[in-house]
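J.: Sharing a structure with you now.
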Amino acid sequence: MSTIFLLLILFLGFLITFQIAKASEYVGVLKGEKKNFEQNNRINGFLMIAFLVLGLIGVYWCNELFRGKILGESASVHGEQIDNMLYITITITGIVFVITQVLLFWFAYKYQHSEKRKAFYFPHDNRLEVIWTVVPAIALTVLVGFGLFYWFRITGDAPKDALVVEITGKQFGWIYRYPGKDNTFGKKYYQNISDKDNNALGLIWDDPYSHDDLVVTSELAVVVNQPVKLVINSRDVIHDVGLVYFRQKMDAVPGTPTTMWFIPKFTTDEMKKKLGNPDFEYEISCDQMCGRGHYTMRGIVKVLSRDEFVLWKAKQKPNYAQVFPDKDPAAPAGAKTDTVKTAMITPATAPTEAKLAGQ
Ligand SMILES: [Cu+2]
């Protein structure tokens, strides 16, 4: 029904425009073509200037309105450099924008048709063409060069002391994995993925490296002033890890891990004080339209001090210990039968367990 209304409105709009055009044509005939043309010319010239002035006021007003409200201070070391790069780009393109727009509309006004003037025939000038090709080419190469430089840094090798966290996007949420004491991620296989069996990442339980891996969905915890390297995956469609406060963004592609690293500058608590907002949390968003629940992929990044992080990590239980509570050395004797139920062991995992036990 709404489509019919829309089509009807479009049709009526067209009809009205057509009638107005026709009416003004008749007015023109009555007033005399020449007089009418001169009048239109003057009106159009004036409108060019009005558009220029109002447009520039609008640009200025918009900037004032959103000043300091968009991104806020960067909370990562890379972020400062990216912000600087953005400011330089905006300054250069802003100056060029104002100059070209003023010239464009001023010329349209100043050189409107006049009986007293004849247009100067100026078809070609090699020198001018070289200038307006080479100057923008050099400027853009420098700007793109800066961008590439930072891009290669962010996606390049992380420092050796970096905290490595694997992050996997899924419809709809994020799954974070930390290697345990062995500092090595266990192997995984996509066909092992099963939310029902509490194996969200498809870890291969036969691989001993997987036994101490922490799989967390509540939040991404990182340490202040320590480099963080994210190894990014997806379980289904293409997602995108967006960390706006750290000025980081990277696609999560199924089957092709991507990486980026950064150094968080302020803990979550420090940011709360800085912004005077006790509810502040660093946000992780999915920056890729990935389905109906895309908006629910908002997650939280906790930037902790080193001590807080050690405590946080100690509280997490390895995925393996959740699935096989019997094999968890940390589990108290007697509690084992209870945890079997809470770990949601289903008959489907029983053969694996039996297989492991039999080996
Ligand atoms: Cu997504």
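How things are named: the first chain in the structure tokens is A, the next is B, and so on; residues count from 1 in each chain; ligands count from 1 in the order shown.
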Could you list, as a PyMOL selection string, all protein and nucleic acid residues with an atom at most 9 Å from ligand 1, counting only C-alpha atoms and all ligand atoms?
T.: chain A and resi 169-174+234+237-241+252+285-291+293-297
J.: Restricting the output to C-alpha atoms, write the selected residues as a PDB file, in the first residue's frame.
T.:
ATOM      1  CA  GLY A 169      33.046 -12.680  15.463  1.00  0.00           C
ATOM      2  CA  LYS A 170      29.830 -14.616  15.159  1.00  0.00           C
ATOM      3  CA  GLN A 171      26.182 -13.874  14.535  1.00  0.00           C
ATOM      4  CA  PHE A 172      25.852 -12.113  16.942  1.00  0.00           C
ATOM      5  CA  GLY A 173      28.624 -11.528  19.426  1.00  0.00           C
ATOM      6  CA  TRP A 174      32.351 -11.770  20.050  1.00  0.00           C
ATOM      7  CA  SER A 234      34.947 -15.052  12.068  1.00  0.00           C
ATOM      8  CA  VAL A 237      29.942 -14.090   7.824  1.00  0.00           C
ATOM      9  CA  ILE A 238      32.296 -11.108   7.527  1.00  0.00           C
ATOM     10  CA  HIS A 239      32.294  -8.987  10.690  1.00  0.00           C
ATOM     11  CA  ASP A 240      34.573  -6.114  11.574  1.00  0.00           C
ATOM     12  CA  VAL A 241      36.343  -5.401  14.836  1.00  0.00           C
ATOM     13  CA  ALA A 252      36.920 -10.433  10.593  1.00  0.00           C
ATOM     14  CA  SER A 285      31.474  -2.678  17.807  1.00  0.00           C
ATOM     15  CA  CYS A 286      30.943  -4.654  14.657  1.00  0.00           C
ATOM     16  CA  ASP A 287      31.635  -2.216  11.828  1.00  0.00           C
ATOM     17  CA  GLN A 288      30.264  -4.457   9.124  1.00  0.00           C
ATOM     18  CA  MET A 289      26.581  -4.964   8.434  1.00  0.00           C
ATOM     19  CA  CYS A 290      26.430  -8.661   9.211  1.00  0.00           C
ATOM     20  CA  GLY A 291      22.762  -9.494   9.625  1.00  0.00           C
ATOM     21  CA  GLY A 293      21.288  -8.691  14.977  1.00  0.00           C
ATOM     22  CA  HIS A 294      24.323  -6.659  13.833  1.00  0.00           C
ATOM     23  CA  TYR A 295      23.596  -3.900  16.371  1.00  0.00           C
ATOM     24  CA  THR A 296      23.721  -6.376  19.267  1.00  0.00           C
ATOM     25  CA  MET A 297      27.423  -6.980  18.677  1.00  0.00           C
TER      26      MET A 297
END
J.: Can you list, as a list in words, all residues belonging to region 46-221 of chain A that DSSP tags as strand (DSSP E or B)?
T.: Ser76, Leu163, Val164, Val165, Glu166, Ile167, Thr168, Gly169, Lys170, Gly173, Trp174, Ile175, Tyr176, Arg177, Tyr178, Lys188, Ser194, Asn199, Leu203, Leu214, Val215, Val216, Leu220 and Ala221 of chain A
J.: Keeping only N, CA and C atoms, write the selected residues as a JSON list (two decimals), in the first residue's frame.
T.:
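The new file result.json reads:
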[["chain", "number", "residue", "atom", "x", "y", "z"],
["A", 76, "SER", "N", 44.78, 5.31, 22.52],
["A", 76, "SER", "CA", 45.90, 4.43, 22.16],
["A", 76, "SER", "C", 47.01, 5.26, 21.54],
["A", 163, "LEU", "N", 50.48, -8.76, 24.34],
["A", 163, "LEU", "CA", 49.48, -9.71, 24.82],
["A", 163, "LEU", "C", 48.68, -10.15, 23.58],
["A", 164, "VAL", "N", 48.69, -11.44, 23.31],
["A", 164, "VAL", "CA", 47.99, -11.91, 22.11],
["A", 164, "VAL", "C", 46.61, -12.42, 22.51],
["A", 165, "VAL", "N", 45.60, -11.87, 21.87],
["A", 165, "VAL", "CA", 44.23, -12.31, 22.14],
["A", 165, "VAL", "C", 43.59, -12.64, 20.80],
["A", 166, "GLU", "N", 42.94, -13.78, 20.78],
["A", 166, "GLU", "CA", 42.21, -14.13, 19.56],
["A", 166, "GLU", "C", 40.78, -13.64, 19.72],
["A", 167, "ILE", "N", 40.25, -13.01, 18.68],
["A", 167, "ILE", "CA", 38.87, -12.53, 18.76],
["A", 167, "ILE", "C", 38.10, -13.06, 17.55],
["A", 168, "THR", "N", 36.98, -13.69, 17.83],
["A", 168, "THR", "CA", 36.20, -14.32, 16.76],
["A", 168, "THR", "C", 34.80, -13.71, 16.75],
["A", 169, "GLY", "N", 34.40, -13.22, 15.60],
["A", 169, "GLY", "CA", 33.05, -12.68, 15.46],
["A", 169, "GLY", "C", 32.08, -13.78, 15.08],
["A", 170, "LYS", "N", 30.87, -13.67, 15.56],
["A", 170, "LYS", "CA", 29.83, -14.62, 15.16],
["A", 170, "LYS", "C", 28.50, -13.87, 15.14],
["A", 173, "GLY", "N", 27.83, -11.76, 18.23],
["A", 173, "GLY", "CA", 28.62, -11.53, 19.43],
["A", 173, "GLY", "C", 30.10, -11.77, 19.14],
["A", 174, "TRP", "N", 30.90, -11.57, 20.18],
["A", 174, "TRP", "CA", 32.35, -11.77, 20.05],
["A", 174, "TRP", "C", 32.80, -12.86, 21.02],
["A", 175, "ILE", "N", 33.76, -13.66, 20.59],
["A", 175, "ILE", "CA", 34.35, -14.68, 21.47],
["A", 175, "ILE", "C", 35.84, -14.38, 21.56],
["A", 176, "TYR", "N", 36.34, -14.24, 22.79],
["A", 176, "TYR", "CA", 37.75, -13.91, 22.99],
["A", 176, "TYR", "C", 38.48, -15.15, 23.51],
["A", 177, "ARG", "N", 39.71, -15.37, 23.01],
["A", 177, "ARG", "CA", 40.47, -16.52, 23.51],
["A", 177, "ARG", "C", 41.85, -16.05, 23.94],
["A", 178, "TYR", "N", 42.24, -16.47, 25.14],
["A", 178, "TYR", "CA", 43.57, -16.17, 25.66],
["A", 178, "TYR", "C", 44.34, -17.48, 25.78],
["A", 188, "LYS", "N", 42.37, -25.67, 16.47],
["A", 188, "LYS", "CA", 40.91, -25.75, 16.42],
["A", 188, "LYS", "C", 40.50, -26.20, 15.02],
["A", 194, "SER", "N", 30.61, -26.07, 18.38],
["A", 194, "SER", "CA", 29.31, -26.49, 18.88],
["A", 194, "SER", "C", 28.99, -25.72, 20.15],
["A", 199, "ASN", "N", 31.74, -25.62, 23.04],
["A", 199, "ASN", "CA", 32.99, -25.49, 22.30],
["A", 199, "ASN", "C", 32.76, -24.47, 21.19],
["A", 203, "LEU", "N", 37.60, -25.98, 19.45],
["A", 203, "LEU", "CA", 38.95, -26.40, 19.89],
["A", 203, "LEU", "C", 39.09, -27.91, 19.77],
["A", 214, "LEU", "N", 41.74, -19.96, 27.52],
["A", 214, "LEU", "CA", 40.56, -19.35, 28.14],
["A", 214, "LEU", "C", 39.66, -18.82, 27.03],
["A", 215, "VAL", "N", 38.42, -19.23, 27.07],
["A", 215, "VAL", "CA", 37.45, -18.72, 26.08],
["A", 215, "VAL", "C", 36.43, -17.87, 26.84],
["A", 216, "VAL", "N", 36.39, -16.58, 26.49],
["A", 216, "VAL", "CA", 35.60, -15.63, 27.25],
["A", 216, "VAL", "C", 34.63, -14.90, 26.31],
["A", 220, "LEU", "N", 36.53, -8.14, 26.61],
["A", 220, "LEU", "CA", 37.91, -8.27, 26.17],
["A", 220, "LEU", "C", 38.77, -7.53, 27.17],
["A", 221, "ALA", "N", 39.55, -8.27, 27.96],
["A", 221, "ALA", "CA", 40.38, -7.62, 28.98],
["A", 221, "ALA", "C", 41.80, -7.47, 28.45]]
J.: Find, counting only C-alpha atoms, the residue in A:Val27, A:Ile16, A:Ala108, A:Leu7 that gets nearest to Gly45 (chain A).
T.: A:Ala108
J.: Between CA of Ile99 (chain A) and CA of Asp125 (chain A), what distance in Å does the model show, to one decimal?
T.: 21.3 Å
J.: Could you tell me, as a VMD selection string, which residues of region 140-354 of chain A DSSP assigns to helix (DSSP H, G or I) when given the backbone?
T.: chain A and resid 140 to 155 190 to 192 208 to 212 244 to 246 268 to 275 294 to 297 306 to 315 319 to 323 325 to 327 336 to 342 347 to 354
J.: Counting only C-alpha atoms, figure out which residue out of A:Val96, A:Val77, A:Val222, A:Ala119 gets nearest to Thr268 (chain A).
T.: A:Val222
